[in-house]
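Heads up: the structure comes next, in structure tokens.
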Amino acid sequence: YSETEKNLLASIDIKEKRFGINTRRLILPLSQLAYLYYLTGDYSKAEKYAIRSMNISQQLFGESSIRYAECLRVYANIHAAMGDYTTAQ
């Protein structure tokens with residue numbers, strides 16, 4: 001997991017520098033990093049990256065987009081794992 005984490009963080013850093021902090025190119029690596037932290041039980045970090053990917057998706061594509069729905073699913077999984085079923089719904 002540490003190699004994957006390192007690569008995703010590097011990818012995010014490169015894309016932020018090249019395309020800006022709210023580019024659509026960040027949605028996937030942010031969501032993947034959130035999912036990685038979810039899998040490892042680091043829910044605080046998972047939530048941080050899931051929220052960021054959701055916000056970018058919402059701003060660029062709207063709440064009815066498939067990209068936003070995918071980010072929302074990761075966010076819901078994180079909250080379900082934490083036992084916060086109200087937020088997960």
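Within each chain, counting starts at residue 1; across the structure tokens, chains are named A, B, ... in the order shown, with ligands numbered 1 upward in that order.
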Non-local contacts of Asp42 (chain A) (12 Å; only C-alpha atoms; under 5 positions in same chain excluded) as a PyMOL selection string: chain A and resi 33-37+47-49+78-79+81-82
Pull the closest atom pair for each residue of region 23-66 of chain A that gets at most 12 Å from region 4-17 of chain A, along with the distance in Å to one decimal, counting only C-alpha atoms, ordering rows by chain and then ascending residue number, as a tab-separated table.
residue	atom	partner	partner_atom	distance
A:Thr23	CA	A:Glu16	CA	7.6
A:Arg24	CA	A:Lys15	CA	9.7
A:Arg25	CA	A:Lys15	CA	6.9
A:Leu26	CA	A:Ile12	CA	6.3
A:Ile27	CA	A:Ile12	CA	9.3
A:Leu28	CA	A:Ile12	CA	9.5
A:Pro29	CA	A:Leu8	CA	6.0
A:Leu30	CA	A:Ile12	CA	7.2
A:Ser31	CA	A:Leu8	CA	9.9
A:Gln32	CA	A:Leu8	CA	7.8
A:Leu33	CA	A:Leu8	CA	6.4
A:Ala34	CA	A:Glu5	CA	9.9
A:Tyr35	CA	A:Glu5	CA	10.5
A:Leu36	CA	A:Glu5	CA	7.5
A:Tyr37	CA	A:Glu5	CA	8.5
A:Tyr38	CA	A:Glu5	CA	12.0
A:Leu39	CA	A:Glu5	CA	11.7
A:Thr40	CA	A:Glu5	CA	10.8
A:Lys45	CA	A:Glu5	CA	11.5
A:Ala46	CA	A:Glu5	CA	11.6
A:Tyr49	CA	A:Leu9	CA	10.7
A:Arg52	CA	A:Ile12	CA	11.7
A:Ser53	CA	A:Ile12	CA	11.2
Please report the interatomic distance between CA of Arg18 (chain A) and CA of Gly62 (chain A) in Å with one decimal. 23.6 Å
Write out as number ranges by chain the set of residues from chain A that DSSP, computed on the backbone, places in alpha helix (DSSP H). A: 2-19, 27-40, 43-61, 66-81, 85-88
All residues 10 Å or closer to Arg73 (chain A), only C-alpha atoms, same chain fewer than 4 positions away omitted, as a list in words: Ser31, Ala50, Met54, Arg67, Tyr68, Ala69, Asn77, Ile78, His79, Ala88 and Gln89 of chain A
Write the residues of the selection above to a file with N, CA, C and O atoms, as a PDB file, in the first residue's frame.
ATOM      1  N   SER A  31      -9.867  10.227  -5.595  1.00  0.00           N
ATOM      2  CA  SER A  31     -10.816   9.189  -5.216  1.00  0.00           C
ATOM      3  C   SER A  31     -10.109   7.861  -4.936  1.00  0.00           C
ATOM      4  O   SER A  31     -10.447   7.159  -3.988  1.00  0.00           O
ATOM      5  N   ALA A  50     -11.774  12.054  -0.214  1.00  0.00           N
ATOM      6  CA  ALA A  50     -13.083  11.807  -0.815  1.00  0.00           C
ATOM      7  C   ALA A  50     -13.863  13.112  -0.955  1.00  0.00           C
ATOM      8  O   ALA A  50     -14.486  13.359  -1.990  1.00  0.00           O
ATOM      9  N   MET A  54     -15.108  14.829  -4.396  1.00  0.00           N
ATOM     10  CA  MET A  54     -16.535  15.136  -4.552  1.00  0.00           C
ATOM     11  C   MET A  54     -16.748  16.602  -4.904  1.00  0.00           C
ATOM     12  O   MET A  54     -17.545  16.923  -5.783  1.00  0.00           O
ATOM     13  N   ARG A  67     -19.603  10.972 -12.452  1.00  0.00           N
ATOM     14  CA  ARG A  67     -18.353  11.190 -11.706  1.00  0.00           C
ATOM     15  C   ARG A  67     -18.630  11.583 -10.269  1.00  0.00           C
ATOM     16  O   ARG A  67     -17.963  11.114  -9.355  1.00  0.00           O
ATOM     17  N   TYR A  68     -19.587  12.464 -10.091  1.00  0.00           N
ATOM     18  CA  TYR A  68     -19.955  12.864  -8.728  1.00  0.00           C
ATOM     19  C   TYR A  68     -20.512  11.662  -7.958  1.00  0.00           C
ATOM     20  O   TYR A  68     -20.164  11.449  -6.791  1.00  0.00           O
ATOM     21  N   ALA A  69     -21.347  10.864  -8.616  1.00  0.00           N
ATOM     22  CA  ALA A  69     -21.934   9.685  -7.968  1.00  0.00           C
ATOM     23  C   ALA A  69     -20.853   8.695  -7.536  1.00  0.00           C
ATOM     24  O   ALA A  69     -20.938   8.111  -6.452  1.00  0.00           O
ATOM     25  N   ASN A  77     -19.089   4.828   1.551  1.00  0.00           N
ATOM     26  CA  ASN A  77     -18.422   3.626   2.066  1.00  0.00           C
ATOM     27  C   ASN A  77     -17.560   3.947   3.287  1.00  0.00           C
ATOM     28  O   ASN A  77     -17.513   3.161   4.241  1.00  0.00           O
ATOM     29  N   ILE A  78     -16.888   5.066   3.253  1.00  0.00           N
ATOM     30  CA  ILE A  78     -16.045   5.485   4.376  1.00  0.00           C
ATOM     31  C   ILE A  78     -16.904   5.669   5.626  1.00  0.00           C
ATOM     32  O   ILE A  78     -16.585   5.158   6.699  1.00  0.00           O
ATOM     33  N   HIS A  79     -18.010   6.374   5.472  1.00  0.00           N
ATOM     34  CA  HIS A  79     -18.872   6.637   6.627  1.00  0.00           C
ATOM     35  C   HIS A  79     -19.557   5.370   7.127  1.00  0.00           C
ATOM     36  O   HIS A  79     -19.748   5.206   8.336  1.00  0.00           O
ATOM     37  N   ALA A  88     -23.757   8.049   5.606  1.00  0.00           N
ATOM     38  CA  ALA A  88     -23.531   7.117   4.489  1.00  0.00           C
ATOM     39  C   ALA A  88     -24.724   7.052   3.542  1.00  0.00           C
ATOM     40  O   ALA A  88     -24.547   6.833   2.352  1.00  0.00           O
ATOM     41  N   GLN A  89     -25.921   7.249   4.080  1.00  0.00           N
ATOM     42  CA  GLN A  89     -27.110   7.191   3.221  1.00  0.00           C
ATOM     43  C   GLN A  89     -27.191   8.420   2.381  1.00  0.00           C
ATOM     44  O   GLN A  89     -27.704   8.510   1.356  1.00  0.00           O
TER      45      GLN A  89
END
Find, counting only C-alpha atoms, the residue in A:Ser44, A:Leu60, A:Thr87, A:Gly20 that gets nearest to Leu72 (chain A).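 The answer is A:Thr87, which sits nearest to Leu72 (chain A).
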